[in-house]
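Encoded as structure tokens, the structure appears first; notes follow it.
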Amino acid sequence: MSHATGIKYLKDGVLPHMWCSGCGIGVMLGAMLRAFEELDYRKADTVVVTGIGCTGKSDDYLLTNALHTTHGRALAFATGIKAFNPKLHVVVLMGDGDSVTIGGNHFIHAARRNIDLTAIVINNFNYGMTGGQVSGTTPGGSFTSTTAWGNPERGFDICALAEVAGANYVARETPYHGWELKELIKEALNKKGFSLVEVFSPCPTHFGKNNEMKETREMLDWFKERGLPVKRYRKLSAEEQKNHFAIGKLVDRDAPDFNTRYEEIRVRAMAQKAE
Ligand SMILES: Cc1ncc(C[n+]2csc(CCOP(=O)(O)OP(=O)(O)O)c2C)c(N)n1
Ligand code: SF4
């Protein structure tokens, strides 16, 4: 049984944090910091890169190296860091807007490149920080501040996108399952290549309020009832799957990561040059 709290990675005097009560971002951050502690990560070897948004504020609280970047571009900065210094643990925290709406192209190519990063995406189905606007993951028909009569578009499945783009590791959890979330984050951090942990997360202030789930409890119930362990989910008919989503580890494979392939090519090129 672990007693990790992750508190040693938090700056002094920064609590209480800025997130609304009932927001899932703090649960994700706590799970990530406990995972760091259990893996014995040193602050100096760890870089947390964030984009812009409520999720993007996470780096404000951390004593690890931290880089607050621009909206949609966190993965591009993180790619540069990892390509330059493969020894660093590089973790990228983004919202659904950051990662797959404005940042969709960077997301696809980071996964395709299979660069050894861990991306943790808070998917609260809307743009939290700017007032609950529609995002690329807002489910079809859902209400947001910019789709007051229902969203005419379909939402992205971020995990499916990461899988087809080439990520080595893909998992999904919710703050309702905090222990499992920490375990999945640990597994993702240990995995070489591009890892994604998507966290379906309550934004009671906007998405919940706009979709008759004003209380955090109602959003958590929604996750609890609809989230099924992946083996159970895959046994459902296509019709039944529409009312559920899979949680747990969805993809785990061992394609060579970017830095390994780059190093092989570099060594071969140097050898040819020396001939
Ligand atoms: C290039 C650019 N476009 C738009 C914005 C305004 N903006 C700031 S945060 C944000 C949305 C954040 O939503 P998301 O990434 O889902 O994160 P959340 O706040 O929900 O955690 C937007 C549109 C910006 N800062 N930069
Ligand atoms: S607006 Fe939503 S995402 Fe942002 S802190 Fe509040 S609950 Fe969390």
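Residues in the structure tokens are numbered from 1 in each chain, the chains being A, B, ... in the order shown, and ligands are numbered from 1 in the order shown.
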Mind listing the residues within 9 Å of ligand 1, only C-alpha atoms and all ligand atoms counted, as a ChimeraX atom specification?
/A:25,51-57,70-73,94-103,121-133,135-137,203
Given only C-alpha atoms, how would the per-residue table for region 160-210 of chain A near region 240-254 of chain A read, listing every residue at most 6 Å away with its closest atom pair and distance in Å to one decimal, sorted by chain and number, as JSON lines?
```
{"residue": "A:Asn168", "atom": "CA", "partner": "A:Arg253", "partner_atom": "CA", "distance": 4.9}
{"residue": "A:Tyr169", "atom": "CA", "partner": "A:Asp252", "partner_atom": "CA", "distance": 4.7}
{"residue": "A:Val170", "atom": "CA", "partner": "A:Val251", "partner_atom": "CA", "distance": 4.8}
{"residue": "A:Ala171", "atom": "CA", "partner": "A:Lys249", "partner_atom": "CA", "distance": 4.3}
{"residue": "A:Arg172", "atom": "CA", "partner": "A:Ile247", "partner_atom": "CA", "distance": 4.9}
{"residue": "A:Glu173", "atom": "CA", "partner": "A:Ile247", "partner_atom": "CA", "distance": 5.3}
```
Output N, CA, C and O atoms for every residue in that selection, as a PDB file, in the first residue's frame.
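Dumped everything to out14.pdb:
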```pdb
ATOM      1  N   ASN A 168       1.888   4.616 -28.580  1.00  0.00           N
ATOM      2  CA  ASN A 168       2.199   3.299 -28.005  1.00  0.00           C
ATOM      3  C   ASN A 168       1.266   2.930 -26.853  1.00  0.00           C
ATOM      4  O   ASN A 168       1.063   1.749 -26.588  1.00  0.00           O
ATOM      5  N   TYR A 169       0.766   3.945 -26.150  1.00  0.00           N
ATOM      6  CA  TYR A 169      -0.024   3.654 -24.946  1.00  0.00           C
ATOM      7  C   TYR A 169      -1.208   4.616 -24.891  1.00  0.00           C
ATOM      8  O   TYR A 169      -1.041   5.829 -25.055  1.00  0.00           O
ATOM      9  N   VAL A 170      -2.398   4.071 -24.668  1.00  0.00           N
ATOM     10  CA  VAL A 170      -3.606   4.898 -24.588  1.00  0.00           C
ATOM     11  C   VAL A 170      -4.485   4.373 -23.459  1.00  0.00           C
ATOM     12  O   VAL A 170      -4.757   3.166 -23.380  1.00  0.00           O
ATOM     13  N   ALA A 171      -4.916   5.280 -22.598  1.00  0.00           N
ATOM     14  CA  ALA A 171      -5.802   4.875 -21.500  1.00  0.00           C
ATOM     15  C   ALA A 171      -6.797   5.994 -21.220  1.00  0.00           C
ATOM     16  O   ALA A 171      -6.571   7.153 -21.598  1.00  0.00           O
ATOM     17  N   ARG A 172      -7.907   5.608 -20.574  1.00  0.00           N
ATOM     18  CA  ARG A 172      -8.904   6.621 -20.194  1.00  0.00           C
ATOM     19  C   ARG A 172      -9.374   6.337 -18.768  1.00  0.00           C
ATOM     20  O   ARG A 172      -9.573   5.186 -18.407  1.00  0.00           O
ATOM     21  N   GLU A 173      -9.533   7.384 -17.999  1.00  0.00           N
ATOM     22  CA  GLU A 173     -10.098   7.243 -16.647  1.00  0.00           C
ATOM     23  C   GLU A 173     -10.932   8.471 -16.303  1.00  0.00           C
ATOM     24  O   GLU A 173     -11.055   9.386 -17.127  1.00  0.00           O
TER      25      GLU A 173
END
```
I'd like the neighbourhood of region 140-152 of chain A as a short mmCIF file (atom, residue, chain, number, x, y, z; two decimals) with all heavy atoms, in the first residue's frame, where a residue qualifies if any of its atoms comes within 7 Å (using only C-alpha atoms), though same-chain residues fewer than 3 positions away should be ignored.
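Writing done, so here's result-v5.cif:
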```
data_model
loop_
_atom_site.label_atom_id
_atom_site.label_comp_id
_atom_site.auth_asym_id
_atom_site.auth_seq_id
_atom_site.Cartn_x
_atom_site.Cartn_y
_atom_site.Cartn_z
N GLY A 132 -17.05 28.08 -21.26
CA GLY A 132 -17.85 26.90 -21.61
C GLY A 132 -18.29 26.85 -23.07
O GLY A 132 -19.39 26.38 -23.38
N GLN A 133 -17.41 27.31 -23.99
CA GLN A 133 -17.76 27.22 -25.42
C GLN A 133 -17.61 25.78 -25.93
O GLN A 133 -16.93 24.97 -25.33
CB GLN A 133 -16.84 28.15 -26.25
CG GLN A 133 -17.03 29.63 -25.98
CD GLN A 133 -16.17 30.14 -24.83
OE1 GLN A 133 -15.57 29.38 -24.11
NE2 GLN A 133 -16.15 31.46 -24.67
N VAL A 134 -18.22 25.55 -27.09
CA VAL A 134 -18.14 24.22 -27.72
C VAL A 134 -16.67 23.90 -28.07
O VAL A 134 -15.91 24.78 -28.43
CB VAL A 134 -19.03 24.18 -28.98
CG1 VAL A 134 -18.47 25.04 -30.12
CG2 VAL A 134 -19.27 22.75 -29.45
N GLY A 155 -18.50 14.80 -31.46
CA GLY A 155 -17.26 14.99 -30.69
C GLY A 155 -16.20 13.98 -31.09
O GLY A 155 -16.51 12.84 -31.44
N PHE A 207 -20.02 22.96 -18.38
CA PHE A 207 -20.65 21.84 -19.08
C PHE A 207 -21.76 21.21 -18.24
O PHE A 207 -22.84 20.90 -18.74
CB PHE A 207 -19.61 20.77 -19.47
CG PHE A 207 -20.19 19.75 -20.40
CD1 PHE A 207 -20.33 20.02 -21.75
CD2 PHE A 207 -20.67 18.53 -19.91
CE1 PHE A 207 -20.92 19.10 -22.61
CE2 PHE A 207 -21.25 17.60 -20.77
CZ PHE A 207 -21.38 17.89 -22.12
N ASN A 210 -24.81 23.54 -18.05
CA ASN A 210 -25.53 23.63 -19.33
C ASN A 210 -26.23 22.34 -19.73
O ASN A 210 -27.01 22.31 -20.67
CB ASN A 210 -24.56 24.03 -20.46
CG ASN A 210 -24.14 25.49 -20.33
OD1 ASN A 210 -24.91 26.32 -19.88
ND2 ASN A 210 -22.90 25.78 -20.70
N ASN A 211 -25.89 21.24 -19.03
CA ASN A 211 -26.44 19.93 -19.43
C ASN A 211 -27.14 19.20 -18.28
O ASN A 211 -27.06 17.98 -18.17
CB ASN A 211 -25.31 19.08 -20.04
CG ASN A 211 -24.87 19.63 -21.38
OD1 ASN A 211 -25.52 19.39 -22.40
ND2 ASN A 211 -23.81 20.41 -21.38
#
```
Between CA of Pro229 (chain A) and CA of Phe107 (chain A), what is the distance, to one decimal in Å?
25.2 Å
Please run DSSP on the backbone and report, as a ChimeraX atom specification, all residues within region 58-251 of chain A that come out as alpha helix (DSSP H).
/A:74-84,96,104-113,158-165,178-190,209-210,216-226,230-235,238-241
Just list the residues in region 70-174 of chain A DSSP gives strand (DSSP E or B) on the backbone, as a PyMOL selection string.
chain A and resi 89-95+118-123+127+133+144+147+169-173
For region 256-271 of chain A, work out the shell of residues within 8 Å, counting only C-alpha atoms and skipping chain neighbours fewer than 2 positions away, then give it as an mmCIF file with C-alpha atoms, in the first residue's frame.
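Resulting contents of part-v5.cif:
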```
data_model
loop_
_atom_site.group_PDB
_atom_site.id
_atom_site.type_symbol
_atom_site.label_atom_id
_atom_site.label_comp_id
_atom_site.auth_asym_id
_atom_site.auth_seq_id
_atom_site.Cartn_x
_atom_site.Cartn_y
_atom_site.Cartn_z
ATOM 1 C CA ALA A 83 14.244 15.564 -28.767
ATOM 2 C CA PRO A 86 15.861 12.310 -24.074
ATOM 3 C CA ARG A 113 6.134 10.427 -34.324
ATOM 4 C CA ASN A 114 5.731 8.260 -31.209
ATOM 5 C CA ILE A 115 7.895 10.681 -29.277
ATOM 6 C CA ASP A 116 8.487 9.531 -25.709
ATOM 7 C CA LYS A 192 8.481 4.380 -24.013
ATOM 8 C CA GLY A 193 6.884 6.235 -26.902
ATOM 9 C CA PHE A 194 3.857 8.512 -26.985
ATOM 10 C CA ASP A 254 6.024 -1.310 -28.407
ATOM 11 C CA LYS A 273 30.522 9.697 -43.354
ATOM 12 C CA ALA A 274 33.611 8.193 -41.712
ATOM 13 C CA GLU A 275 34.098 5.614 -44.520
#
```
Ala165 (chain A): which residues within 9 Å, counting only C-alpha atoms, same-chain residues fewer than 2 positions away excluded, as a PyMOL selection string?
chain A and resi 107-114+160-163+167
Grab the residues selected above and save them as a PDB file, in the first residue's frame with N, CA, C and O atoms.
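File part_20.pdb, as written:
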```
ATOM      1  N   PHE A 107      -1.198  17.215 -31.949  1.00  0.00           N
ATOM      2  CA  PHE A 107      -1.517  15.957 -31.258  1.00  0.00           C
ATOM      3  C   PHE A 107      -1.320  14.772 -32.203  1.00  0.00           C
ATOM      4  O   PHE A 107      -0.653  13.786 -31.865  1.00  0.00           O
ATOM      5  N   ILE A 108      -1.885  14.877 -33.386  1.00  0.00           N
ATOM      6  CA  ILE A 108      -1.776  13.778 -34.362  1.00  0.00           C
ATOM      7  C   ILE A 108      -0.304  13.480 -34.658  1.00  0.00           C
ATOM      8  O   ILE A 108       0.127  12.326 -34.675  1.00  0.00           O
ATOM      9  N   HIS A 109       0.481  14.523 -34.854  1.00  0.00           N
ATOM     10  CA  HIS A 109       1.870  14.293 -35.259  1.00  0.00           C
ATOM     11  C   HIS A 109       2.761  13.855 -34.103  1.00  0.00           C
ATOM     12  O   HIS A 109       3.725  13.109 -34.318  1.00  0.00           O
ATOM     13  N   ALA A 110       2.447  14.275 -32.884  1.00  0.00           N
ATOM     14  CA  ALA A 110       3.226  13.772 -31.727  1.00  0.00           C
ATOM     15  C   ALA A 110       2.987  12.269 -31.582  1.00  0.00           C
ATOM     16  O   ALA A 110       3.916  11.499 -31.323  1.00  0.00           O
ATOM     17  N   ALA A 111       1.742  11.844 -31.786  1.00  0.00           N
ATOM     18  CA  ALA A 111       1.425  10.412 -31.684  1.00  0.00           C
ATOM     19  C   ALA A 111       2.050   9.645 -32.854  1.00  0.00           C
ATOM     20  O   ALA A 111       2.619   8.563 -32.677  1.00  0.00           O
ATOM     21  N   ARG A 112       1.961  10.206 -34.048  1.00  0.00           N
ATOM     22  CA  ARG A 112       2.556   9.562 -35.236  1.00  0.00           C
ATOM     23  C   ARG A 112       4.066   9.403 -35.070  1.00  0.00           C
ATOM     24  O   ARG A 112       4.642   8.363 -35.376  1.00  0.00           O
ATOM     25  N   ARG A 113       4.679  10.439 -34.543  1.00  0.00           N
ATOM     26  CA  ARG A 113       6.134  10.427 -34.324  1.00  0.00           C
ATOM     27  C   ARG A 113       6.509   9.457 -33.207  1.00  0.00           C
ATOM     28  O   ARG A 113       7.636   9.033 -33.087  1.00  0.00           O
ATOM     29  N   ASN A 114       5.524   9.160 -32.357  1.00  0.00           N
ATOM     30  CA  ASN A 114       5.731   8.260 -31.209  1.00  0.00           C
ATOM     31  C   ASN A 114       6.876   8.768 -30.337  1.00  0.00           C
ATOM     32  O   ASN A 114       7.715   8.000 -29.865  1.00  0.00           O
ATOM     33  N   ALA A 160      -9.287   7.132 -29.575  1.00  0.00           N
ATOM     34  CA  ALA A 160      -9.276   6.503 -30.904  1.00  0.00           C
ATOM     35  C   ALA A 160      -8.316   7.251 -31.830  1.00  0.00           C
ATOM     36  O   ALA A 160      -7.579   6.649 -32.620  1.00  0.00           O
ATOM     37  N   LEU A 161      -8.328   8.569 -31.703  1.00  0.00           N
ATOM     38  CA  LEU A 161      -7.441   9.398 -32.531  1.00  0.00           C
ATOM     39  C   LEU A 161      -5.974   9.068 -32.240  1.00  0.00           C
ATOM     40  O   LEU A 161      -5.166   8.883 -33.155  1.00  0.00           O
ATOM     41  N   ALA A 162      -5.639   8.962 -30.950  1.00  0.00           N
ATOM     42  CA  ALA A 162      -4.252   8.648 -30.567  1.00  0.00           C
ATOM     43  C   ALA A 162      -3.865   7.259 -31.074  1.00  0.00           C
ATOM     44  O   ALA A 162      -2.746   7.047 -31.545  1.00  0.00           O
ATOM     45  N   GLU A 163      -4.805   6.332 -30.996  1.00  0.00           N
ATOM     46  CA  GLU A 163      -4.501   4.955 -31.431  1.00  0.00           C
ATOM     47  C   GLU A 163      -4.196   4.908 -32.925  1.00  0.00           C
ATOM     48  O   GLU A 163      -3.167   4.366 -33.335  1.00  0.00           O
ATOM     49  N   ALA A 167       0.113   6.144 -31.297  1.00  0.00           N
ATOM     50  CA  ALA A 167       0.589   6.177 -29.901  1.00  0.00           C
ATOM     51  C   ALA A 167       0.856   4.755 -29.392  1.00  0.00           C
ATOM     52  O   ALA A 167       0.119   3.826 -29.717  1.00  0.00           O
TER      53      ALA A 167
END
```
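Proximity to His3 (chain A) was assessed for A:Val199, A:Glu38, A:Asp60, A:Gly208 counting only C-alpha atoms; the smallest distance is recorded for A:Glu38.
Of the residues under consideration (A:Phe200, A:Gly104, A:Thr46, A:Glu239), A:Phe200 shows the shortest atom-to-atom contact distance to Trp222 (chain A) when counting only C-alpha atoms.
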For Glu183 (chain A), list every protein, DNA or RNA residue within 12 Å, evaluated using only C-alpha atoms, and leave out those in the same chain fewer than 5 positions away; present the list as a list of chain:residue names.
A:Ser2, A:Met28, A:Ala31, A:Met32, A:Leu33, A:Arg34, A:Ala35, A:Phe36, A:Glu38, A:Leu39, A:Ala171, A:Arg172, A:Glu173, A:His177, A:Gly178, A:Ala188, A:Leu189, A:Asn190, A:Val197, A:Gly248, A:Lys249
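What separates CA of Cys23 (chain A) from CA of Val91 (chain A) is a distance of 20.7 Å.
For the choices A:Gly166, A:Gly227, A:Pro139, A:Gly30, the atom-to-atom distance to Leu181 (chain A) is smallest for A:Gly30 when using only C-alpha atoms.
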